[in-house]
Structure formats: structure tokens, C-alpha cells
Amino acid sequence: MQTTLGTPTLSAILFFLAIVLLTLVITWWAAKRTRSTKEFYAAGRSITAFQNGLALAGDYMSAASFLGITGLVALRGYDGMIYATGWLVGWPALMFLIAEPLRNLGKFTFADVVAFRLRQTPVRIASAVGGVLTVLFYTIAQMVGAGNLITLLFGIRYEWAVVCVGAVMLAYVLFGGMIATTWVQIIKAILLLFGVTLLTILVLSRFSFDFGSLYSAVAERYGQSALEPGGLISDPIDAISLGLALMLGLLGLPHILMRFYTVPDAKAARTSVLYATGFIGYFYLIVPIAGFGAAALVGRDLIRQIDAGGNMAAPLLAELLGGTPFLGFIAAVAFATILAVVAGLTLAGASALSHDIFVHVIRHGRSTEQEQVRVARLATLIFGVLAVLLGIVFKGQNVAFMVGLAFAIACSANFPALLLSIVWRRFTTAGAVWSIATGAFLSVFLIVISPTVWVDIFHNPVALFPLRNPAIVSMTVAFAVAIVASLLTREPQAEAMFEDEKLRTYLGVGAE
Amino acid sequence: MDTPTTRLLTSPDFVRLVSRRWRVSLVLTVCLCVVYYGYILLVAAKKDLLAIRIGDATTLGIPLGAAVIIAAWLLTAIYVIWANRVHDVEVARLRQRLHE
């Protein structure tokens with residue numbers, strides 16, 4: 001098979017320009033509606049449940065999961081499918097444990113909830129550190145992925161690709177705030193779901209819409225083992241630890257949690273999770289079909305030849321089934337996906353810097369609306385430039401582990417403090433600060449000495465810590481530290497406030 | 001202090017609302033964990049079971065993996081139906097009491 005991958009074709013450029021133009025028009029429209037902090041951070045709480053469901057799905061379905069999981073299934077068969085299931089299971093947990101209290105108690109960031117009845121300064125600083133670290137590692141992985149992907153897809157230089165992503169994404173967030181970011185996510189989610197659906201239908205049409213003959217074709221070429229569990233899960237404890245990080249890490253991802261403040265109330269928050277779970281579940285159900293299709297139709301050798309990690313399986317399949325125009329479309333959708341995810345991350349990172357640190361720590365909550373919006377935009381600029389610089393610094397590095405690290409920090413640092421602040425009367429400032437600090441430090445430290453970094457990146461013979469994902473240890477310790485530190489200290493005022501807070505948590509009385 | 005707020009907070013109805021909300025959440029979370037970690041442990045411990053052929057080449061693992069995703073969505077749907085039909089009615093009733 002001849003491929004035009006890596007050469008900017010006319011169709012790819014046209015689709016790409018159309019998407020960028022459409023999103024910039026929306027940004028221009030959104031910019032006129034973005035004056036207050038409520039509009040900048042929370043889209044004026046005017047997003048409907050259906051829209052937010054799509055936007056949540058847009059924030060979560062990254063190019064890495066679309067291209068990565070298709071490639072994983074194409075090259076490693078059933079193991080890729082096991083990996084795909086893990087990405088959905090956080091959503092029901094988010095709904096059951098966090099979504100509604102979070103919406104009722106907070107204003108713009110998850111730190112609003114943790115700091116609600118505790119001492120503002122220390123809790124805001126700790127939460128902002130946990131939040132920024134999570135967002136930063138996630139962003140580095142996305143930026144490096146973006147640079148590599150765009151180089152492979154369009155053949156432009158890595159540095160230009162990163163700068164280009166940074167510039168367009170900054171235009172969305174700086175001028176259009178959350179309103180523009182939300183609409184970019186919605187457009188991207190629709191395009192991505194449409195693209196993957198079309199890819200799946202085209203694959204199945206080659207097998208007269210019979211799943212059995214698709215799997216038979218895969219088994220014929222690569223043996224029956226392609227449809228059986230392989231080496232992905234060899235150590236059950238490591239598998240459970242990764243599962244915990246994927247499931248509960250979602251409950252501590254600042255850019256996801258922030259989206260709940262864009263809807264009018266807890267009921268809309270709840271409904272939006274149902275829509276999001278539907279879209280994301282559908283996505284992870286059909287992506288493996290595209291992966292098996294790529295293995296059967298394109299072939300593993302060619303996929304590996306273009307990119308050893310398998311990331312080009314979906315674009316190659318698109319070209320085989322729909323020619324250059326469909327390849328152009330899929331490439332443009334992958335690009336839009338990267339832009340949207342990085343925009344959401346930047347807004348979350350900026351809100352931790354401006355809303356949590358500047359407004360609540362430096363100004364002690366006393367800041368004019370005008371000043372807050374100005375600082376929010378400045379923080380966006382700082383975070384965006386930082387993202388581009390880090391993307392260039394980490395060029396050529398193996399950063400795949402950084403997404404795992406982001407999830408590990410989210411579930412060890414942010415999630416325990418957030419959950420305990422909602423459910424536990426005796427939770428104190430010391431408990432929150434120590435648990436966030438322990439969770440963040442331990443996840444970073446354990447990943448560094450784990451096989452993922454110590455062996456794969458530093459090339460040491462043996463890892464000092466056996467698990468590839470530390471969540472099972474770091475999250476347990478963070479919870480233990482939170483409980484012990486809280487029991488050793490007392491905050492009568494926080495305990496008293498817990499009762500009043502219940503009206504807001506459970507009945508939504510006084511919610512923003 | 002005996003204000004409408006404290007009276008509501010200590011009322012049996014409100015206490016029941018809160019405990020039932022967490023009971024439903026915990027039961028559904030446990031179901032989710034059984035489904036997902038059960039599947040992971042099955043993959044780790046009983047690879048042969050998932051490799052059983054149910055078609056010419058299709059293995060049992062394929063519908064099972066899809067079932068995990070569908071089950072996760074169904075649990076979410078169950079929660080929303082419960083919250084909309086039962087929980088919200090009770091929340092509205094208690095909020096109403098605050099204004100009396």
C-alpha cells in the first residue's frame with residue numbers, strides 16, 4: 001500500500017483550515033460574551049447538560065487514546081481492548097461519589113470545595129500545587145504527542161507543530177475563555193465520534209457487516225492468540241493499581257472537575273455525566289473494531305514501519321478505506337482533538353494559578369472582578385507559553401508515562417482530599433495539606449523508582465519499586481495520612497460548618 | 001438554637017435523605033468495582049476462560065470486554081433514574097420546608 005502520510009495533501013490542509021476557521025469564528029463570538037470571571041471560568045453556567053456531556057467527552061477523548069488504542073489493538077490484539085475498558089470505568093465513580101456535591105459546593109475550581117470550611121491559605125496552596133502538577137504532566141504528554149503526531153501526519157517540523165498548537169489554543173482560551181473552550185470541545189467530540197464511526201462502518205463493510213469474519217481474518221493472519229489475553233496483565237496487583245489510577249484519577253483531574261461549574265445546577269451536572277459516559281463508552285466500544293480492522297486490512301508490518309508505537313494505524317486505515325480525503329479528515333480531526341484537550345488543560349492550570357493562588361492566597365479573596373479577569377488571562381498566557389516551552393524541551397523523550405503519572409497524582413493527591421472534605425466532619429486543614437503533599441510526592445517518587453522510569457528511561461537493571469503504577473500504595477498512604485493528621489488536630493469551626501454545609505451539599509441551597 | 005435550618009438538618013427526613021444517598025452511591029460503586037476488577041482479575045488468573053472460542057475465531061473475551069463498558073454505562077443510568085425519580089422529589093420537598 002502506498003501512503004501519502006507525512007506529506008501535507010490538499011484535502012488535509014482544507015479540512016484543517018476549515019476546523020481552525022470555524023473554531024476561531026466561535027472564539028470571536030464567545031469573546032464578546034466573556035467579561036466576568038463567571039463567564040471566563042464557567043461559561044456563565046449557561047451550558048446545557050447535553051452540551052456539557054459532549055464537552056466532557058471532548059476533554060477526555062484525547063488523540064493519544066484514539067490513535068494509541070487503535071494502534072495497541074492493531075499490534076497487540078485483545079490486550080489493547082483490555083486497556084480500553086479501563087478508560088471508561090472512572091465515569092460512573094465520578095457520578096456516584098463526586099459530581100453533585102462538587103457542583104453544589106464549588107465555584108470555579110475543585111479547591112473551592114476542599115477549602116470550603118478549612119483554612120483558606122494553606123489548603124488553597126496545597127490544592128493548587130496538586131492541581132497544577134496533574135495538569136502540567138498531562139499537558140507535557142499532550143504537547144510532545146502533538147508535536148510527534150503532527151510531524152507524522154503533515155510533515156511539518158516538531159517545533160513548528162508545538163508552537164502552532166500553542167498559538168491556536170491560546171487564542172481560544174485567552175479571548176473566549178470557557179465559552180469558546182466548551183464549544184471547541186463540542187465540535188471536536190462530534191467530529192471525532194463521526195470519524196471513528198465512519199471508520200468502523202467502512203471496516204465492517206469489508207466483512208459484510210459480520211464481526212465474526214473480521215475476527216476470523218485477524219486470527220488467520222496473526223494466529224488465534226491475537227484474540228486472547230496476552231502479556232499486558234501478568235501481575236494482578238499491578239493491573240489493579242493501574243485500574244485504581246484510571247478509575248479514581250478521573251475524580252481528581254482539574255480540567256474535568258472544572259466542567260461541572262459550567263452547568264446551571266446539580267441535576268444538569270448529573271445528566272451531563274450520563275451523556276458523557278454514553279459518548280465515551282461508545283467511543284471505547286468501537287475504537288477496538290477499527291484497531292482489529294487495521295490489523296486485518298493494513299497489516300502490522302506496515303503500521304510498525306511508519307511508527308513503531310502503532311500510532312498511525314487509524315490514519316493508515318482511513319487512507320486504505322476512504323482514500324486521501326478521508327486520511328485528510330482523520331488527520332485534521334486528530335489535530336482538532338489535540339487543540340481542544342490542551343485548551344481545556346490550560347484553562348484548568350490558569351484557574352489554579354489565578355483563582356486559587358492570586359485571588360485567595362495573595363489577595364485573601366478581596367479582588368475586583370476586573371482585576372480577576374485580567375489576572376486569569378495573564379495566568380492563561382503564562383501557562384500556555386510554559387506548555388509550548390515544555391513541549392520543546394521534552395522533544396524526543398519518552399513521555400508516555402506522564403499520563404499515568406498525571407492520573408497517579410490526581411488519584412493520590414487531589415481525590416482523597418476532595419472526597420474527605422465532602423464526607424468527613426472531622427477532616428482538618430492539617431489533614432488536607434499533609435494528604436495532598438504526601439500523595440503528590442509519593443506518586444512522583446514511586447514512579448521515578450518504578451520499572452516505568454528507573455528501568456525503561458534510566459536503563460537501570462532492576463527497579464527499586466516493583467509496580468509500574470503506584471496508585472495502590474500512594475493513594476492508600478494519602479488517605480491514611482489524611483485521617484491520622486485530621487485526628488491529631490481539631491478545628492471546631494470546620495466541624496460546625498460541616499453541618500451548615502450539608503444544606504448546600506445535599507439540597508443545593510446557596511449553591512453558585 | 002432552634003432555627004428552621006437546624007430543625008431541618010436534625011430532622012429524620014433529612015438524615016434519611018443523606019444516608020440513603022450515600023447508601024445508593026456505595027452499592028453502585030461496589031457493583032462497578034466487582035464488574036471491572038472482576039474482569040481484570042479474570043484476565044490475570046483465568047486467561048483460558050477468556051480464550052474460549054464462541055465463533056469461528058471470536059473469543060469469549062471480546063463480548064466480555066464490551067460487557068464491562070456497557071455495564072458501567074448501565075450503572076450510571078440506574079443512578080440517574082433513581083436520582084431523578086426518587087431523590088430529587090425528596091430534595092424538592094425538604095427545600096420547600098425551609099421556606100415555610
# chains A, B, ... in the order shown; residues from 1 in each chain; ligands from 1

$ interface_residues --of "chain B" --to "chain A" --cutoff "9 Å" --atoms "only C-alpha atoms" --output "short mmCIF file (atom, residue, chain, number, x, y, z; two decimals) with N, CA and C atoms, in the first residue's frame"
data_model
loop_
_atom_site.label_atom_id
_atom_site.label_comp_id
_atom_site.auth_asym_id
_atom_site.auth_seq_id
_atom_site.Cartn_x
_atom_site.Cartn_y
_atom_site.Cartn_z
N THR B 5 -33.37 26.19 59.89
CA THR B 5 -32.24 25.45 59.32
C THR B 5 -31.83 24.29 60.20
N THR B 6 -31.59 24.57 61.49
CA THR B 6 -31.15 23.49 62.37
C THR B 6 -32.24 22.44 62.53
N LEU B 8 -34.34 21.55 60.29
CA LEU B 8 -34.32 20.71 59.08
C LEU B 8 -33.12 19.76 59.11
N LEU B 9 -31.95 20.30 59.50
CA LEU B 9 -30.73 19.49 59.49
C LEU B 9 -30.83 18.30 60.43
N LEU B 17 -32.38 11.20 54.01
CA LEU B 17 -32.00 11.59 52.64
C LEU B 17 -30.50 11.42 52.42
N VAL B 18 -29.72 11.94 53.39
CA VAL B 18 -28.27 11.90 53.24
C VAL B 18 -27.76 10.46 53.30
N ARG B 21 -28.70 8.55 50.17
CA ARG B 21 -27.90 8.99 49.02
C ARG B 21 -26.55 8.26 48.99
N TRP B 22 -25.91 8.17 50.17
CA TRP B 22 -24.60 7.52 50.21
C TRP B 22 -24.71 6.02 50.10
N VAL B 24 -26.97 4.37 48.27
CA VAL B 24 -27.13 4.10 46.84
C VAL B 24 -25.79 4.23 46.13
N SER B 25 -25.06 5.32 46.43
CA SER B 25 -23.77 5.55 45.80
C SER B 25 -22.80 4.42 46.07
N LEU B 26 -22.76 3.98 47.36
CA LEU B 26 -21.79 2.94 47.71
C LEU B 26 -22.13 1.62 47.07
N LEU B 28 -23.72 1.11 44.27
CA LEU B 28 -23.39 1.18 42.84
C LEU B 28 -21.87 1.17 42.61
N THR B 29 -21.12 1.85 43.52
CA THR B 29 -19.66 1.85 43.39
C THR B 29 -19.12 0.43 43.57
N LEU B 32 -19.75 -1.53 40.48
CA LEU B 32 -18.79 -1.12 39.45
C LEU B 32 -17.45 -1.80 39.67
N CYS B 33 -16.99 -1.81 40.93
CA CYS B 33 -15.69 -2.41 41.24
C CYS B 33 -15.71 -3.91 40.99
N TYR B 36 -15.53 -4.37 37.14
CA TYR B 36 -14.27 -4.02 36.49
C TYR B 36 -13.09 -4.82 37.04
N TYR B 37 -12.92 -4.83 38.38
CA TYR B 37 -11.78 -5.57 38.93
C TYR B 37 -11.97 -7.06 38.77
N TYR B 39 -13.27 -8.41 36.13
CA TYR B 39 -12.80 -8.64 34.75
C TYR B 39 -11.27 -8.67 34.70
N ILE B 40 -10.64 -7.69 35.37
CA ILE B 40 -9.17 -7.62 35.37
C ILE B 40 -8.57 -8.88 36.00
N LEU B 41 -9.15 -9.30 37.14
CA LEU B 41 -8.62 -10.50 37.80
C LEU B 41 -8.85 -11.74 36.96
N VAL B 43 -8.85 -11.77 33.71
CA VAL B 43 -7.81 -11.71 32.68
C VAL B 43 -6.48 -12.20 33.26
N ALA B 44 -6.21 -11.80 34.52
CA ALA B 44 -4.93 -12.16 35.13
C ALA B 44 -4.87 -13.65 35.48
N ALA B 45 -5.98 -14.17 36.01
CA ALA B 45 -5.93 -15.53 36.58
C ALA B 45 -6.47 -16.61 35.65
N LYS B 47 -6.89 -16.85 32.05
CA LYS B 47 -6.74 -16.50 30.64
C LYS B 47 -7.42 -17.51 29.72
N ASP B 48 -7.42 -18.79 30.12
CA ASP B 48 -8.01 -19.85 29.27
C ASP B 48 -9.50 -19.61 29.07
N LEU B 50 -11.14 -16.79 29.01
CA LEU B 50 -11.40 -15.73 28.04
C LEU B 50 -11.01 -16.14 26.63
N ALA B 51 -10.17 -17.17 26.52
CA ALA B 51 -9.72 -17.61 25.19
C ALA B 51 -10.68 -18.62 24.56
N ILE B 52 -11.70 -19.03 25.31
CA ILE B 52 -12.68 -19.99 24.75
C ILE B 52 -13.30 -19.40 23.50
N GLY B 55 -17.12 -18.49 18.40
CA GLY B 55 -17.44 -18.44 16.97
C GLY B 55 -16.29 -19.10 16.24
N ASP B 56 -16.13 -18.79 14.96
CA ASP B 56 -15.02 -19.38 14.23
C ASP B 56 -13.70 -18.98 14.86
N ALA B 57 -13.60 -17.69 15.18
CA ALA B 57 -12.37 -17.20 15.80
C ALA B 57 -12.68 -16.34 17.03
N THR B 58 -13.87 -15.77 17.08
CA THR B 58 -14.27 -14.88 18.16
C THR B 58 -14.10 -15.57 19.52
N THR B 59 -13.42 -14.86 20.46
CA THR B 59 -13.24 -15.46 21.78
C THR B 59 -14.25 -14.86 22.76
N LEU B 60 -14.46 -15.56 23.87
CA LEU B 60 -15.39 -15.10 24.90
C LEU B 60 -14.95 -13.75 25.46
N GLY B 61 -13.64 -13.51 25.44
CA GLY B 61 -13.11 -12.26 25.98
C GLY B 61 -13.66 -11.03 25.28
N ILE B 62 -13.97 -11.12 23.99
CA ILE B 62 -14.42 -9.94 23.25
C ILE B 62 -15.79 -9.44 23.73
N GLY B 65 -15.36 -8.05 27.37
CA GLY B 65 -14.78 -6.71 27.44
C GLY B 65 -15.83 -5.65 27.12
N ALA B 66 -16.63 -5.92 26.06
CA ALA B 66 -17.68 -4.98 25.70
C ALA B 66 -18.72 -4.89 26.81
N VAL B 68 -18.26 -5.10 30.00
CA VAL B 68 -17.78 -4.24 31.09
C VAL B 68 -18.15 -2.78 30.80
N ILE B 69 -17.92 -2.37 29.55
CA ILE B 69 -18.22 -0.98 29.17
C ILE B 69 -19.74 -0.73 29.25
N ILE B 70 -20.51 -1.67 28.74
CA ILE B 70 -21.97 -1.49 28.77
C ILE B 70 -22.49 -1.49 30.21
N ALA B 72 -20.91 -0.55 32.89
CA ALA B 72 -20.54 0.72 33.52
C ALA B 72 -21.55 1.80 33.15
N TRP B 73 -21.95 1.80 31.87
CA TRP B 73 -22.92 2.81 31.45
C TRP B 73 -24.29 2.56 32.09
N LEU B 75 -24.94 1.17 34.98
CA LEU B 75 -24.91 1.58 36.39
C LEU B 75 -25.12 3.09 36.50
N THR B 76 -24.48 3.83 35.59
CA THR B 76 -24.65 5.29 35.57
C THR B 76 -26.12 5.63 35.31
N ALA B 77 -26.73 4.92 34.36
CA ALA B 77 -28.13 5.18 34.03
C ALA B 77 -29.04 4.86 35.21
N TYR B 79 -28.30 5.04 38.38
CA TYR B 79 -28.16 6.14 39.34
C TYR B 79 -29.01 7.34 38.92
N VAL B 80 -28.94 7.70 37.64
CA VAL B 80 -29.66 8.89 37.17
C VAL B 80 -31.18 8.68 37.29
N ALA B 83 -31.99 8.99 40.94
CA ALA B 83 -31.87 10.37 41.41
C ALA B 83 -33.01 11.23 40.89
N ASN B 84 -33.37 11.06 39.62
CA ASN B 84 -34.44 11.88 39.05
C ASN B 84 -35.81 11.51 39.61
N ASP B 88 -34.63 13.50 43.79
CA ASP B 88 -34.99 14.90 43.52
C ASP B 88 -36.33 15.28 44.14
N VAL B 91 -35.64 15.92 47.71
CA VAL B 91 -34.87 17.16 47.85
C VAL B 91 -35.81 18.37 47.71
N ALA B 92 -36.69 18.32 46.73
CA ALA B 92 -37.62 19.44 46.50
C ALA B 92 -38.54 19.61 47.71
N LEU B 94 -37.92 18.80 50.87
CA LEU B 94 -37.19 19.35 52.01
C LEU B 94 -36.85 20.82 51.80
N ARG B 95 -36.54 21.18 50.57
CA ARG B 95 -36.26 22.60 50.28
C ARG B 95 -37.50 23.44 50.53
#

$ residues_around --residues "Phe154 in chain A" --least-positions-apart "5" --cutoff "8 Å" --atoms "only C-alpha atoms" --output "list in words"
Leu5, Gly6, Thr7, Pro8 and Thr9 of chain A

$ write_last_selection --atoms "C-alpha atoms" --output "CSV table (one decimal), in the first residue's frame"
chain,number,residue,atom,x,y,z
A,5,LEU,CA,1.1,10.1,5.3
A,6,GLY,CA,3.6,12.8,6.2
A,7,THR,CA,3.0,14.9,3.1
A,8,PRO,CA,0.5,17.7,3.5
A,9,THR,CA,-2.2,16.9,1.0

$ residues_around --residues "range 164-181 of chain A" --least-positions-apart "5" --cutoff "7 Å" --atoms "only C-alpha atoms" --output "list in words"
Ile26, Thr27, Trp28, Ala30, Ala31, Thr34, Glu39, Phe40, Tyr41, Ala42, Ala43, Leu339, Val342, Ala343, Gly344, Leu347, Arg377, Thr380, Gly384 and Val388 of chain A

$ residues_around --residues "Arg363 in chain A" --least-positions-apart "6" --cutoff "12 Å" --atoms "only C-alpha atoms" --output "PyMOL selection string"
chain A and resi 120-121+354-357+371-372+375

$ closest_residue --among "B:Arg53, B:Lys46, B:His99, B:Arg16" --to "His87 in chain B" --atoms "only C-alpha atoms"
B:Arg16

$ residues_around --residues "range 46-48 of chain A" --least-positions-apart "2" --cutoff "10 Å" --atoms "only C-alpha atoms" --output "NGL selection string"
:A and (39 or 42-44 or 50-53 or 55 or 179 or 182-183 or 259-265 or 268-269 or 271-272)

$ closest_residue --among "A:Leu193, A:Val184, A:Ala318, A:Arg119" --to "Leu21 in chain A" --atoms "only C-alpha atoms"
A:Val184

$ closest_residue --among "A:Asn398, A:Asn148, A:Thr3, A:Gln370" --to "Val298 in chain A" --atoms "only C-alpha atoms"
A:Thr3

$ residues_around --residues "Ile409 in chain A" --least-positions-apart "2" --cutoff "8 Å" --atoms "only C-alpha atoms" --output "PyMOL selection string"
chain A and resi 130+133-134+249+405-407+411-414+439-440+443-444

$ write_last_selection --atoms "C-alpha atoms" --output "PDB file, in the first residue's frame"
ATOM      1  CA  GLY A 130      -1.760  19.176  43.332  1.00  0.00           C
ATOM      2  CA  LEU A 133       1.168  19.199  38.868  1.00  0.00           C
ATOM      3  CA  THR A 134      -1.595  16.979  37.465  1.00  0.00           C
ATOM      4  CA  GLY A 249      -7.705   9.544  38.957  1.00  0.00           C
ATOM      5  CA  LEU A 405       1.805   9.983  36.381  1.00  0.00           C
ATOM      6  CA  ALA A 406      -0.918  12.636  35.990  1.00  0.00           C
ATOM      7  CA  PHE A 407      -3.581  10.057  36.839  1.00  0.00           C
ATOM      8  CA  CYS A 411      -5.992   9.952  42.489  1.00  0.00           C
ATOM      9  CA  SER A 412      -3.393  10.205  45.291  1.00  0.00           C
ATOM     10  CA  ALA A 413      -3.184  13.959  45.916  1.00  0.00           C
ATOM     11  CA  ASN A 414      -6.448  15.541  44.735  1.00  0.00           C
ATOM     12  CA  GLY A 439       0.017  11.899  47.664  1.00  0.00           C
ATOM     13  CA  ALA A 440       1.806  14.186  45.200  1.00  0.00           C
ATOM     14  CA  SER A 443       3.307   9.272  43.300  1.00  0.00           C
ATOM     15  CA  VAL A 444       6.178  11.158  41.670  1.00  0.00           C
TER      16      VAL A 444
END

$ residues_around --residues "Leu297 in chain A" --least-positions-apart "3" --cutoff "8 Å" --atoms "only C-alpha atoms" --output "list of chain:residue names"
A:Gly293, A:Ala294, A:Leu317

$ select_by_dssp --residues "range 186-257 of chain A" --states "alpha helix (DSSP H)" --output "ChimeraX atom specification"
/A:186-205,211-222,236-249,254-257

$ write_last_selection --atoms "C-alpha atoms" --output "PDB file, in the first residue's frame"
ATOM      1  CA  ILE A 186     -18.175  20.024  21.489  1.00  0.00           C
ATOM      2  CA  ILE A 187     -17.112  20.405  17.835  1.00  0.00           C
ATOM      3  CA  LYS A 188     -14.107  18.173  18.385  1.00  0.00           C
ATOM      4  CA  ALA A 189     -16.176  15.493  20.155  1.00  0.00           C
ATOM      5  CA  ILE A 190     -18.726  15.421  17.309  1.00  0.00           C
ATOM      6  CA  LEU A 191     -16.003  15.282  14.623  1.00  0.00           C
ATOM      7  CA  LEU A 192     -14.092  12.558  16.463  1.00  0.00           C
ATOM      8  CA  LEU A 193     -17.178  10.419  17.112  1.00  0.00           C
ATOM      9  CA  PHE A 194     -18.240  10.872  13.480  1.00  0.00           C
ATOM     10  CA  GLY A 195     -14.763   9.992  12.178  1.00  0.00           C
ATOM     11  CA  VAL A 196     -14.436   6.849  14.298  1.00  0.00           C
ATOM     12  CA  THR A 197     -17.985   5.749  13.437  1.00  0.00           C
ATOM     13  CA  LEU A 198     -17.315   6.151   9.710  1.00  0.00           C
ATOM     14  CA  LEU A 199     -14.028   4.261  10.069  1.00  0.00           C
ATOM     15  CA  THR A 200     -15.813   1.409  11.870  1.00  0.00           C
ATOM     16  CA  ILE A 201     -18.617   1.212   9.315  1.00  0.00           C
ATOM     17  CA  LEU A 202     -16.098   1.143   6.454  1.00  0.00           C
ATOM     18  CA  VAL A 203     -14.142  -1.623   8.200  1.00  0.00           C
ATOM     19  CA  LEU A 204     -17.262  -3.699   8.782  1.00  0.00           C
ATOM     20  CA  SER A 205     -18.429  -3.152   5.193  1.00  0.00           C
ATOM     21  CA  PHE A 211     -17.991  -9.284  13.299  1.00  0.00           C
ATOM     22  CA  GLY A 212     -17.128 -12.982  13.149  1.00  0.00           C
ATOM     23  CA  SER A 213     -15.446 -12.711   9.756  1.00  0.00           C
ATOM     24  CA  LEU A 214     -13.446  -9.645  10.901  1.00  0.00           C
ATOM     25  CA  TYR A 215     -12.079 -11.626  13.860  1.00  0.00           C
ATOM     26  CA  SER A 216     -11.505 -14.666  11.618  1.00  0.00           C
ATOM     27  CA  ALA A 217      -9.459 -12.503   9.262  1.00  0.00           C
ATOM     28  CA  VAL A 218      -7.351 -11.255  12.189  1.00  0.00           C
ATOM     29  CA  ALA A 219      -6.867 -14.821  13.510  1.00  0.00           C
ATOM     30  CA  GLU A 220      -5.961 -16.067  10.025  1.00  0.00           C
ATOM     31  CA  ARG A 221      -3.159 -13.512   9.669  1.00  0.00           C
ATOM     32  CA  TYR A 222      -1.780 -13.353  13.202  1.00  0.00           C
ATOM     33  CA  PRO A 236      -2.638  -8.796  39.074  1.00  0.00           C
ATOM     34  CA  ILE A 237      -1.559  -6.248  41.718  1.00  0.00           C
ATOM     35  CA  ASP A 238      -0.018  -4.003  39.080  1.00  0.00           C
ATOM     36  CA  ALA A 239      -3.183  -4.354  36.979  1.00  0.00           C
ATOM     37  CA  ILE A 240      -5.396  -3.408  39.926  1.00  0.00           C
ATOM     38  CA  SER A 241      -3.110  -0.474  40.716  1.00  0.00           C
ATOM     39  CA  LEU A 242      -3.381   0.814  37.132  1.00  0.00           C
ATOM     40  CA  GLY A 243      -7.145   0.255  37.306  1.00  0.00           C
ATOM     41  CA  LEU A 244      -7.375   2.304  40.520  1.00  0.00           C
ATOM     42  CA  ALA A 245      -5.389   5.143  38.977  1.00  0.00           C
ATOM     43  CA  LEU A 246      -7.545   5.201  35.839  1.00  0.00           C
ATOM     44  CA  MET A 247     -10.808   4.924  37.787  1.00  0.00           C
ATOM     45  CA  LEU A 248     -10.215   7.287  40.706  1.00  0.00           C
ATOM     46  CA  GLY A 249      -7.705   9.544  38.957  1.00  0.00           C
ATOM     47  CA  PRO A 254      -8.896  19.525  37.468  1.00  0.00           C
ATOM     48  CA  HIS A 255      -9.884  20.120  33.823  1.00  0.00           C
ATOM     49  CA  ILE A 256     -12.693  17.548  34.084  1.00  0.00           C
ATOM     50  CA  LEU A 257     -13.930  18.708  37.517  1.00  0.00           C
TER      51      LEU A 257
END
